[in-house]
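What follows is work.cif (mmCIF, C-alpha atoms and all ligand atoms).
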data_target
#
loop_
_atom_site.label_atom_id
_atom_site.label_comp_id
_atom_site.auth_asym_id
_atom_site.auth_seq_id
_atom_site.Cartn_x
_atom_site.Cartn_y
_atom_site.Cartn_z
CA MET A 1 -1.14 13.93 -0.69
CA TRP A 2 -4.33 14.02 1.34
CA VAL A 3 -7.92 13.70 0.43
CA SER A 4 -8.83 17.22 1.49
CA ARG A 5 -7.19 18.40 -1.74
CA VAL A 6 -9.31 16.10 -3.82
CA LEU A 7 -12.38 17.06 -1.83
CA TRP A 8 -11.62 20.68 -2.63
CA LEU A 9 -11.04 19.97 -6.32
CA ALA A 10 -14.15 17.90 -6.61
CA ARG A 11 -16.21 20.37 -4.61
CA THR A 12 -15.07 23.20 -6.85
CA ALA A 13 -15.78 21.21 -10.00
CA ALA A 14 -19.10 20.05 -8.65
CA LEU A 15 -20.18 23.51 -7.60
CA LEU A 16 -19.16 24.94 -10.95
CA ARG A 17 -21.29 22.37 -12.68
CA ARG A 18 -24.05 22.67 -10.02
CA ARG A 19 -24.04 18.90 -9.72
CA LEU A 20 -23.80 18.32 -5.99
CA LEU A 21 -26.37 15.54 -5.91
CA VAL A 22 -27.68 12.83 -3.68
CA ALA A 23 -26.67 9.64 -5.49
CA PRO A 24 -30.06 8.22 -6.46
CA GLY A 25 -30.32 4.51 -7.06
CA CYS A 26 -26.58 3.83 -7.08
CA PRO A 27 -26.01 0.07 -7.13
CA ARG A 28 -24.19 -1.43 -4.14
CA PRO A 29 -20.41 -1.41 -4.47
CA ALA A 30 -18.55 -4.33 -2.90
CA THR A 31 -18.70 -3.45 0.77
CA THR A 32 -21.07 -0.55 1.16
CA ALA A 33 -24.49 0.60 0.10
CA TYR A 34 -26.45 3.72 -0.67
CA SER A 35 -29.92 3.54 0.86
CA ALA A 36 -32.45 5.47 2.92
CA SER A 37 -31.26 7.59 5.81
CA ALA A 38 -32.85 10.11 8.15
CA ASP A 39 -30.22 12.66 7.13
CA PRO A 40 -28.69 11.73 3.80
CA SER A 41 -26.68 14.94 3.57
CA ARG A 42 -24.52 13.75 6.48
CA VAL A 43 -22.43 11.54 4.25
CA ARG A 44 -20.27 13.14 1.59
CA ALA A 45 -18.19 11.07 -0.77
CA LEU A 46 -15.92 11.42 -3.79
CA VAL A 47 -17.63 9.27 -6.37
CA TYR A 48 -16.76 8.35 -9.97
CA GLU A 49 -19.25 6.87 -12.37
CA HIS A 50 -16.84 6.44 -15.29
CA HIS A 51 -13.12 5.84 -15.61
CA GLY A 52 -11.03 8.78 -16.77
CA HIS A 53 -8.93 11.68 -15.60
CA PRO A 54 -9.63 12.07 -11.85
CA ALA A 55 -10.19 15.84 -12.10
CA LYS A 56 -12.87 15.19 -14.71
CA VAL A 57 -14.67 12.13 -13.41
CA VAL A 58 -14.55 12.45 -9.60
CA GLU A 59 -17.46 14.32 -8.09
CA LEU A 60 -18.42 15.25 -4.56
CA LYS A 61 -21.79 13.71 -3.81
CA ASN A 62 -24.12 13.31 -0.88
CA LEU A 63 -24.83 9.67 -0.20
CA GLU A 64 -27.33 7.93 1.97
CA LEU A 65 -26.04 5.86 4.85
CA PRO A 66 -27.52 2.35 5.03
CA ALA A 67 -28.86 0.87 8.25
CA VAL A 68 -26.31 -1.07 10.30
CA GLY A 69 -26.95 -4.80 9.85
CA GLY A 70 -25.89 -7.55 12.25
CA SER A 71 -22.32 -7.92 10.93
CA ASP A 72 -21.90 -4.26 9.93
CA VAL A 73 -19.82 -1.48 11.39
CA HIS A 74 -20.71 2.21 11.11
CA VAL A 75 -17.45 4.10 10.62
CA LYS A 76 -16.67 7.80 10.63
CA MET A 77 -13.62 8.41 8.43
CA LEU A 78 -10.86 10.39 10.17
CA ALA A 79 -8.28 10.65 7.38
CA ALA A 80 -7.71 9.20 3.92
CA PRO A 81 -4.71 9.81 1.67
CA ILE A 82 -4.36 9.74 -2.11
CA ASN A 83 -2.18 6.85 -3.21
CA PRO A 84 -0.90 6.47 -6.82
CA SER A 85 -3.02 3.31 -7.09
CA ASP A 86 -6.15 5.35 -6.26
CA ILE A 87 -5.45 7.44 -9.34
CA ASN A 88 -4.76 4.36 -11.50
CA MET A 89 -8.03 2.82 -10.28
CA ILE A 90 -10.03 5.92 -11.27
CA GLN A 91 -8.26 5.96 -14.65
CA GLY A 92 -9.17 2.30 -15.11
CA ASN A 93 -5.50 1.23 -15.33
CA TYR A 94 -5.32 -0.95 -12.24
CA GLY A 95 -5.35 -4.70 -11.74
CA LEU A 96 -8.47 -4.47 -9.58
CA LEU A 97 -11.41 -2.24 -10.49
CA PRO A 98 -14.52 -1.77 -8.33
CA LYS A 99 -18.00 -1.83 -9.84
CA LEU A 100 -19.11 1.64 -10.94
CA PRO A 101 -20.25 3.98 -9.56
CA ALA A 102 -17.58 3.73 -6.89
CA VAL A 103 -16.24 5.81 -4.05
CA GLY A 104 -12.54 6.56 -4.51
CA GLY A 105 -9.74 5.79 -2.07
CA ASN A 106 -8.16 2.55 -0.92
CA GLU A 107 -6.51 3.70 2.28
CA GLY A 108 -7.52 5.59 5.37
CA VAL A 109 -8.43 5.31 9.01
CA GLY A 110 -11.86 5.62 10.56
CA GLN A 111 -13.40 5.50 14.00
CA VAL A 112 -16.15 3.04 14.84
CA VAL A 113 -19.43 4.79 15.67
CA ALA A 114 -21.70 1.77 16.08
CA VAL A 115 -21.63 -1.98 15.50
CA GLY A 116 -24.20 -4.61 14.54
CA SER A 117 -25.39 -7.23 17.01
CA SER A 118 -23.03 -9.99 15.80
CA VAL A 119 -19.85 -7.88 15.57
CA THR A 120 -17.23 -9.02 18.06
CA GLY A 121 -13.91 -7.78 16.62
CA VAL A 122 -14.40 -4.02 17.09
CA LYS A 123 -16.38 -1.67 19.34
CA PRO A 124 -17.39 2.00 19.22
CA GLY A 125 -14.35 4.27 19.54
CA ASP A 126 -11.90 1.80 17.94
CA TRP A 127 -9.82 2.87 14.96
CA VAL A 128 -10.12 0.72 11.85
CA ILE A 129 -8.36 0.53 8.48
CA PRO A 130 -9.38 -1.31 5.28
CA ALA A 131 -8.54 -5.00 5.16
CA ALA A 132 -8.25 -4.95 1.35
CA ALA A 133 -8.19 -2.60 -1.62
CA GLY A 134 -11.36 -1.10 -3.12
CA LEU A 135 -13.17 -0.08 0.08
CA GLY A 136 -13.76 3.52 -1.01
CA THR A 137 -12.31 5.59 1.82
CA TRP A 138 -12.89 9.06 0.39
CA ARG A 139 -16.09 9.69 2.28
CA THR A 140 -17.09 11.12 5.61
CA GLU A 141 -18.95 8.05 6.94
CA ALA A 142 -19.83 4.56 5.79
CA VAL A 143 -21.29 1.26 6.84
CA PHE A 144 -18.89 -1.60 6.11
CA ASN A 145 -19.02 -5.30 6.81
CA GLU A 146 -16.84 -6.23 9.81
CA GLU A 147 -14.68 -8.44 7.57
CA ALA A 148 -13.68 -5.44 5.46
CA LEU A 149 -11.95 -3.81 8.44
CA ILE A 150 -8.91 -4.32 10.65
CA ALA A 151 -8.65 -2.69 14.08
CA VAL A 152 -5.48 -0.68 14.75
CA PRO A 153 -4.24 1.04 17.92
CA SER A 154 -5.66 4.54 18.35
CA ASP A 155 -2.56 5.92 20.04
CA ILE A 156 -0.46 6.10 16.86
CA PRO A 157 -0.29 9.29 14.74
CA LEU A 158 -3.39 9.73 12.60
CA GLN A 159 -1.39 10.06 9.38
CA SER A 160 0.53 6.87 10.13
CA ALA A 161 -2.69 4.97 10.76
CA ALA A 162 -4.23 6.33 7.55
CA THR A 163 -1.26 5.20 5.46
CA LEU A 164 -0.59 1.89 7.18
CA SER A 165 -2.43 -0.52 4.94
CA VAL A 166 -0.49 -0.18 1.66
CA ASN A 167 3.06 1.15 1.64
CA PRO A 168 4.50 -0.19 4.92
CA CYS A 169 2.88 -3.58 4.29
CA THR A 170 4.35 -3.66 0.77
CA ALA A 171 7.78 -2.77 2.12
CA TYR A 172 7.67 -5.42 4.83
CA ARG A 173 6.50 -8.22 2.54
CA MET A 174 9.10 -7.43 -0.12
CA LEU A 175 11.89 -7.37 2.46
CA THR A 176 10.91 -10.70 3.96
CA ASP A 177 9.22 -12.86 1.28
CA PHE A 178 11.76 -13.10 -1.55
CA GLU A 179 15.24 -13.54 -0.06
CA GLN A 180 16.25 -14.89 3.33
CA LEU A 181 18.20 -11.83 4.44
CA GLN A 182 20.21 -11.70 7.66
CA PRO A 183 21.23 -8.66 9.70
CA GLY A 184 24.17 -7.03 7.93
CA ASP A 185 22.92 -7.98 4.43
CA SER A 186 22.14 -5.16 2.07
CA VAL A 187 19.17 -4.14 -0.09
CA ILE A 188 19.21 -1.76 -3.06
CA GLN A 189 16.12 0.20 -4.15
CA ASN A 190 15.17 3.00 -6.53
CA ALA A 191 12.58 5.77 -5.90
CA SER A 192 13.85 5.58 -2.34
CA ASN A 193 12.08 8.77 -1.36
CA SER A 194 8.67 7.34 -2.31
CA GLY A 195 6.21 6.30 0.37
CA VAL A 196 7.18 2.65 -0.11
CA GLY A 197 10.89 3.56 -0.27
CA GLN A 198 10.76 5.40 3.05
CA ALA A 199 8.99 2.45 4.65
CA VAL A 200 11.66 0.12 3.22
CA ILE A 201 14.39 2.26 4.79
CA GLN A 202 12.79 2.21 8.23
CA ILE A 203 11.79 -1.46 8.28
CA ALA A 204 15.16 -2.54 6.84
CA ARG A 205 16.90 -0.58 9.57
CA ALA A 206 14.75 -2.26 12.22
CA LEU A 207 15.66 -5.66 10.71
CA GLY A 208 19.38 -4.80 10.77
CA LEU A 209 19.58 -4.59 6.95
CA ARG A 210 21.78 -2.05 5.21
CA THR A 211 20.17 0.02 2.44
CA ILE A 212 21.52 1.50 -0.78
CA ASN A 213 18.99 4.08 -1.82
CA VAL A 214 18.78 5.46 -5.33
CA VAL A 215 16.95 8.75 -5.94
CA ARG A 216 16.56 11.14 -8.84
CA ASP A 217 18.87 14.15 -8.70
CA ARG A 218 17.42 17.53 -7.70
CA PRO A 219 18.73 20.96 -6.73
CA ASP A 220 18.19 20.31 -3.00
CA ILE A 221 19.56 16.76 -2.99
CA GLN A 222 21.32 17.33 0.35
CA THR A 223 17.98 18.07 2.04
CA LEU A 224 16.57 14.81 0.72
CA THR A 225 19.73 12.94 1.68
CA ASN A 226 19.51 14.26 5.23
CA LYS A 227 15.85 13.33 5.48
CA LEU A 228 16.42 9.74 4.30
CA LYS A 229 19.49 9.36 6.55
CA ASN A 230 17.37 10.46 9.49
CA LEU A 231 14.98 7.63 8.65
CA GLY A 232 17.86 5.13 8.73
CA ALA A 233 19.16 5.09 5.14
CA GLU A 234 22.83 4.10 4.94
CA HIS A 235 23.82 5.11 1.38
CA ILE A 236 21.96 7.54 -0.86
CA ILE A 237 23.05 7.89 -4.48
CA THR A 238 21.52 9.48 -7.55
CA GLU A 239 20.53 7.60 -10.70
CA GLU A 240 23.47 9.25 -12.49
CA GLU A 241 25.96 8.19 -9.80
CA LEU A 242 24.63 4.63 -9.95
CA ARG A 243 25.63 4.44 -13.62
CA LYS A 244 29.25 5.47 -12.98
CA PRO A 245 31.86 2.66 -12.82
CA GLU A 246 33.27 4.05 -9.56
CA THR A 247 30.00 3.12 -7.79
CA LYS A 248 31.44 -0.40 -7.59
CA SER A 249 33.77 0.83 -4.84
CA LEU A 250 30.67 1.15 -2.64
CA PHE A 251 30.65 -2.64 -2.39
CA LYS A 252 34.01 -2.69 -0.65
CA ASP A 253 32.13 -1.29 2.33
CA VAL A 254 28.67 -2.87 1.91
CA PRO A 255 27.98 -6.48 0.84
CA GLN A 256 26.53 -6.76 -2.67
CA PRO A 257 22.76 -6.79 -2.34
CA ARG A 258 20.81 -9.99 -2.89
CA LEU A 259 17.54 -8.05 -3.05
CA ALA A 260 16.66 -5.10 -5.30
CA LEU A 261 13.32 -3.30 -5.06
CA ASN A 262 12.22 -1.67 -8.29
CA CYS A 263 9.55 1.04 -8.33
CA VAL A 264 10.65 2.65 -11.59
CA GLY A 265 11.45 0.26 -14.48
CA GLY A 266 13.41 1.30 -17.58
CA ARG A 267 17.08 2.17 -17.27
CA SER A 268 16.89 2.55 -13.51
CA SER A 269 15.92 -1.11 -13.10
CA THR A 270 18.69 -2.25 -15.47
CA GLU A 271 21.16 -0.45 -13.20
CA LEU A 272 19.75 -2.15 -10.09
CA LEU A 273 20.27 -5.52 -11.79
CA ARG A 274 23.88 -4.64 -12.60
CA HIS A 275 24.66 -4.31 -8.89
CA LEU A 276 22.79 -7.40 -7.65
CA ALA A 277 24.81 -10.28 -6.23
CA PRO A 278 24.77 -13.55 -8.24
CA GLY A 279 21.52 -15.44 -7.64
CA GLY A 280 19.86 -12.28 -6.29
CA THR A 281 16.26 -11.17 -6.85
CA MET A 282 14.82 -7.96 -8.21
CA VAL A 283 11.22 -7.41 -7.10
CA THR A 284 9.22 -4.97 -9.22
CA TYR A 285 6.29 -3.29 -7.52
CA GLY A 286 5.86 -0.06 -9.49
CA GLY A 287 6.50 1.30 -12.97
CA MET A 288 6.86 5.04 -12.43
CA ALA A 289 8.99 5.58 -15.57
CA LYS A 290 6.42 3.68 -17.70
CA GLN A 291 9.36 1.89 -19.39
CA PRO A 292 9.91 -1.86 -19.69
CA ILE A 293 12.56 -3.68 -17.70
CA ILE A 294 15.57 -4.73 -19.76
CA ALA A 295 17.80 -7.42 -18.30
CA SER A 296 20.93 -8.44 -20.18
CA VAL A 297 21.21 -12.05 -21.26
CA SER A 298 24.53 -12.39 -19.43
CA GLN A 299 22.95 -11.22 -16.17
CA LEU A 300 20.38 -13.97 -16.47
CA ILE A 301 22.77 -16.70 -17.62
CA PHE A 302 25.97 -15.99 -15.70
CA LYS A 303 24.47 -14.33 -12.61
CA ASP A 304 21.22 -16.32 -12.51
CA LEU A 305 19.32 -13.24 -11.41
CA LYS A 306 15.63 -13.66 -10.62
CA LEU A 307 12.97 -11.18 -11.74
CA ARG A 308 9.85 -11.21 -9.62
CA GLY A 309 6.80 -9.00 -9.14
CA PHE A 310 4.81 -8.10 -6.05
CA TRP A 311 1.25 -6.85 -5.73
CA LEU A 312 -0.09 -6.28 -2.24
CA SER A 313 -3.75 -6.60 -3.29
CA GLN A 314 -3.07 -10.14 -4.50
CA TRP A 315 -1.08 -10.93 -1.36
CA LYS A 316 -3.98 -9.77 0.81
CA LYS A 317 -6.41 -11.85 -1.23
CA ASP A 318 -4.21 -14.93 -0.88
CA HIS A 319 -3.79 -14.35 2.86
CA SER A 320 -7.30 -13.20 3.80
CA PRO A 321 -8.71 -14.88 6.92
CA ALA A 322 -11.21 -16.71 4.69
CA SER A 323 -8.57 -18.19 2.37
CA LEU A 324 -6.23 -19.04 5.25
CA TYR A 325 -9.09 -20.73 7.10
CA ARG A 326 -10.01 -22.78 3.99
CA GLY A 327 -6.39 -23.92 3.69
CA ALA A 328 -6.04 -24.57 7.41
CA PHE A 329 -9.21 -26.57 7.63
CA ASN A 330 -8.13 -28.90 4.85
CA ILE A 331 -4.69 -29.47 6.26
CA THR A 332 -3.69 -29.71 9.89
CA THR A 333 -4.09 -26.53 11.88
CA LEU A 334 -7.57 -27.17 13.21
CA PRO A 335 -6.88 -30.63 14.72
CA LYS A 336 -3.59 -29.31 16.11
CA ARG A 337 -5.38 -26.41 17.78
CA LYS A 338 -7.81 -28.83 19.38
CA MET A 339 -4.95 -30.95 20.62
CA LEU A 340 -3.14 -27.94 22.04
CA ARG A 341 -6.26 -26.80 23.86
CA GLY A 342 -6.50 -30.28 25.35
CA GLU A 343 -2.91 -30.12 26.55
CA VAL A 344 -3.42 -26.72 28.16
CA THR A 345 -6.55 -27.90 29.91
CA CYS A 346 -4.71 -30.99 31.18
CA SER A 347 -1.80 -29.06 32.61
CA ARG A 348 -4.11 -26.58 34.29
CA SER A 349 -6.10 -29.21 36.02
CA GLN A 350 -3.06 -31.04 37.36
N1 LIG F 401 2.73 -3.46 -6.11
C1 LIG F 401 2.23 -3.06 -4.96
O1 LIG F 401 1.67 -3.83 -4.18
C2 LIG F 401 2.38 -1.61 -4.60
C3 LIG F 401 2.14 -1.18 -3.30
C4 LIG F 401 2.34 0.16 -2.98
C5 LIG F 401 2.73 1.04 -3.99
N2 LIG F 401 2.89 0.59 -5.27
C6 LIG F 401 3.30 1.45 -6.37
O2 LIG F 401 4.56 1.97 -6.02
C7 LIG F 401 4.71 3.22 -6.65
C8 LIG F 401 5.11 4.23 -5.59
O3 LIG F 401 4.06 4.41 -4.69
P1 LIG F 401 4.23 5.45 -3.49
O4 LIG F 401 2.95 5.61 -2.79
O5 LIG F 401 5.42 5.05 -2.71
O6 LIG F 401 4.53 6.76 -4.37
P2 LIG F 401 5.02 8.21 -4.02
O7 LIG F 401 5.27 8.36 -2.56
O8 LIG F 401 4.09 9.16 -4.69
O9 LIG F 401 6.44 8.29 -4.75
C9 LIG F 401 6.58 8.25 -6.14
C10 LIG F 401 8.05 7.97 -6.44
O10 LIG F 401 8.21 7.73 -7.83
C11 LIG F 401 9.29 8.52 -8.32
N3 LIG F 401 9.02 8.83 -9.70
C12 LIG F 401 7.94 9.46 -10.20
N4 LIG F 401 8.03 9.52 -11.55
C13 LIG F 401 9.20 8.94 -11.88
C14 LIG F 401 9.86 8.70 -13.11
N5 LIG F 401 9.35 9.08 -14.28
N6 LIG F 401 11.05 8.08 -13.08
C15 LIG F 401 11.60 7.69 -11.91
N7 LIG F 401 11.02 7.87 -10.71
C16 LIG F 401 9.83 8.50 -10.71
C17 LIG F 401 9.29 9.74 -7.42
O11 LIG F 401 10.56 10.32 -7.47
P3 LIG F 401 10.79 11.93 -7.49
O12 LIG F 401 10.62 12.37 -6.07
O13 LIG F 401 12.16 12.07 -8.00
O14 LIG F 401 9.74 12.50 -8.40
C18 LIG F 401 8.99 9.11 -6.06
O15 LIG F 401 10.16 8.56 -5.53
C19 LIG F 401 3.38 3.53 -7.34
O16 LIG F 401 3.48 3.12 -8.68
C20 LIG F 401 2.41 2.64 -6.59
O17 LIG F 401 1.27 2.31 -7.35
C21 LIG F 401 2.74 -0.71 -5.59
#

Could the structure of this file be written out as structure tokens, please?
Amino acid sequence: MWVSRVLWLARTAALLRRRLLVAPGCPRPATTAYSASADPSRVRALVYEHHGHPAKVVELKNLELPAVGGSDVHVKMLAAPINPSDINMIQGNYGLLPKLPAVGGNEGVGQVVAVGSSVTGVKPGDWVIPAAAGLGTWRTEAVFNEEALIAVPSDIPLQSAATLSVNPCTAYRMLTDFEQLQPGDSVIQNASNSGVGQAVIQIARALGLRTINVVRDRPDIQTLTNKLKNLGAEHIITEEELRKPETKSLFKDVPQPRLALNCVGGRSSTELLRHLAPGGTMVTYGGMAKQPIIASVSQLIFKDLKLRGFWLSQWKKDHSPASLYRGAFNITTLPKRKMLRGEVTCSRSQ
């Protein structure tokens, strides 16, 4: 789903209520600001002042663009999608909530228009994506701090760049951080047609992993099956098929998975657990069914299954350049780097 739809909805709602306003005196959200500009109407944004149903609380507003400071980057947004977490954030049901009023949108890609005097990481023309959640990407232009952005190649498809920072990263981390999988090992997941699920299929394929992909049944299931197979999915089964005893025969062909990725919860997650290999891990990253996870006592005792959770926003926080630098400085990386530089210099001069 793309932001143009929200823009349209908000524009319609705003026009109906005749409330297309310049945001006066909005306090500064985390990484941007509303201040004086020669042409304030240039910047349009989808803003919410209260949590609630997105169609009711999100409004299209004209915002003022702040001046570009030394470490700032002026960005023109090129594309921004609507992710389920954007909706949860507006509703107020998310683990991380920006200060209100806030601009919606956590993902997107923009092009650098201008940079401050101390910016070295990006230059005008570069494409950039948010480094962390909460940036507020549903706007036409913004001034962000350099640290809030990551440069990406500008020769990849626009839609891929705009959706790079959440789902593919989630898929990659979950495939690599919980179990030491080798080529030929298998992974089972539900909601396999979701954005994350499709990224899991493609990255798993690139890593040589075999995927068992569970989807909800639908009249055109063959169309979905073909689409996922084209992405690299090996097996596609419906939730109903997963519950049947004969599904066990699948594991004559594929090794039992040591990793299950759960986007759904409820009965679907119980079924994933039933097919995990002893000692395996189920990683929960979504709760689409809004049902708790039920694991049988015997699965925990006799199979020693592990239940873990993953949240990309926390991962990014824990691995931000600032937190990595703090850790590195206290331990050994900095002296090692110095030593390595010394060695390189030595060998060059010989
Ligand atoms: N923890 C993290 O770091 C992290 C990162 C990224 C995403 N997420 C979460 O992962 C979830 C998926 O995100 P996405 O962007 O991939 O979503 P998406 O592309 O919109 O896909 C949603 C998926 O959920 C399924 N679904 C919806 N309602 C369901 C229900 N009641 N029971 C079972 N399945 C249901 C859909 O299946 P149908 O096609 O059958 O409707 C579809 O496969 C969201 O909850 C999102 O917040 C978490």

To check your reading of the model: which residues sit at most 6 Å from ligand LIG 401 (chain F) when counting all atoms listed in the file? Write the answer as an mmCIF file with C-alpha atoms, keeping the file's coordinate frame.
data_model
loop_
_atom_site.group_PDB
_atom_site.id
_atom_site.type_symbol
_atom_site.label_atom_id
_atom_site.label_comp_id
_atom_site.auth_asym_id
_atom_site.auth_seq_id
_atom_site.Cartn_x
_atom_site.Cartn_y
_atom_site.Cartn_z
ATOM 1 C CA ASN A 83 -2.180 6.850 -3.210
ATOM 2 C CA PRO A 84 -0.900 6.470 -6.820
ATOM 3 C CA SER A 85 -3.020 3.310 -7.090
ATOM 4 C CA VAL A 166 -0.490 -0.180 1.660
ATOM 5 C CA ASN A 167 3.060 1.150 1.640
ATOM 6 C CA THR A 170 4.350 -3.660 0.770
ATOM 7 C CA ALA A 191 12.580 5.770 -5.900
ATOM 8 C CA SER A 192 13.850 5.580 -2.340
ATOM 9 C CA ASN A 193 12.080 8.770 -1.360
ATOM 10 C CA SER A 194 8.670 7.340 -2.310
ATOM 11 C CA GLY A 195 6.210 6.300 0.370
ATOM 12 C CA VAL A 196 7.180 2.650 -0.110
ATOM 13 C CA ARG A 216 16.560 11.140 -8.840
ATOM 14 C CA CYS A 263 9.550 1.040 -8.330
ATOM 15 C CA VAL A 264 10.650 2.650 -11.590
ATOM 16 C CA TYR A 285 6.290 -3.290 -7.520
ATOM 17 C CA GLY A 286 5.860 -0.060 -9.490
ATOM 18 C CA GLY A 287 6.500 1.300 -12.970
ATOM 19 C CA MET A 288 6.860 5.040 -12.430
ATOM 20 C CA ALA A 289 8.990 5.580 -15.570
ATOM 21 C CA PHE A 310 4.810 -8.100 -6.050
ATOM 22 C CA TRP A 311 1.250 -6.850 -5.730
ATOM 23 C CA LEU A 312 -0.090 -6.280 -2.240
#

I'd like a table as a Markdown table: residues in stretch 147-206 of chain A with an atom no more than 12 Å from stretch 246-260 of chain A, each row giving the shortest atom pair and its distance in Å to one decimal, only C-alpha atoms counted, sorted by chain and rising residue number.
| residue | atom | partner | partner_atom | distance |
| --- | --- | --- | --- | --- |
| A:Ala171 | CA | A:Ala260 | CA | 11.8 |
| A:Met174 | CA | A:Leu259 | CA | 9.0 |
| A:Leu175 | CA | A:Leu259 | CA | 7.9 |
| A:Thr176 | CA | A:Leu259 | CA | 10.0 |
| A:Asp177 | CA | A:Leu259 | CA | 10.5 |
| A:Phe178 | CA | A:Leu259 | CA | 7.8 |
| A:Glu179 | CA | A:Leu259 | CA | 6.7 |
| A:Gln180 | CA | A:Arg258 | CA | 9.1 |
| A:Leu181 | CA | A:Arg258 | CA | 8.0 |
| A:Gln182 | CA | A:Arg258 | CA | 10.7 |
| A:Pro183 | CA | A:Pro255 | CA | 11.3 |
| A:Gly184 | CA | A:Pro255 | CA | 8.1 |
| A:Asp185 | CA | A:Pro255 | CA | 6.4 |
| A:Ser186 | CA | A:Pro257 | CA | 4.7 |
| A:Val187 | CA | A:Pro257 | CA | 5.0 |
| A:Ile188 | CA | A:Ala260 | CA | 4.8 |
| A:Gln189 | CA | A:Ala260 | CA | 5.5 |
| A:Asn190 | CA | A:Ala260 | CA | 8.3 |
| A:Ala191 | CA | A:Ala260 | CA | 11.6 |
| A:Ser192 | CA | A:Ala260 | CA | 11.4 |
| A:Gly197 | CA | A:Ala260 | CA | 11.6 |
| A:Val200 | CA | A:Ala260 | CA | 11.2 |
| A:Ala204 | CA | A:Leu259 | CA | 11.6 |

Item checked: Using all atoms listed in the file: which of A:Ile203, A:Leu261, A:Leu228, A:Val73 has the shortest distance to A:Leu307 ->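 Smallest distance to A:Leu307 is found for A:Leu261.
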
Notebook entry, point to check: Using all atoms listed in the file, which of the listed residues (A:Ala161, A:Leu273, A:Leu78, A:Ile90) sits closest to A:Val297?
Noted result: A:Leu273

Next item on the list: Please check which residues have atoms at most 7 Å from (24.7, 5.0, -1.0) in the file's coordinates, counting all atoms listed in the file, and write them as a PyMOL selection string.
Entry: chain A and resi 212-213+234-237

Near stretch 140-143 of chain A, 10 Å: stretch 69-104 of chain A residue rows, closest pairs, only C-alpha atoms, as a Markdown table:
| residue | atom | partner | partner_atom | distance |
| --- | --- | --- | --- | --- |
| A:Gly69 | CA | A:Val143 | CA | 8.8 |
| A:Asp72 | CA | A:Val143 | CA | 6.4 |
| A:Val73 | CA | A:Val143 | CA | 5.5 |
| A:His74 | CA | A:Val143 | CA | 4.4 |
| A:Val75 | CA | A:Ala142 | CA | 5.4 |
| A:Lys76 | CA | A:Glu141 | CA | 4.3 |
| A:Met77 | CA | A:Thr140 | CA | 5.2 |
| A:Leu78 | CA | A:Thr140 | CA | 7.8 |
| A:Ala79 | CA | A:Thr140 | CA | 9.0 |
| A:Ala80 | CA | A:Thr140 | CA | 9.7 |
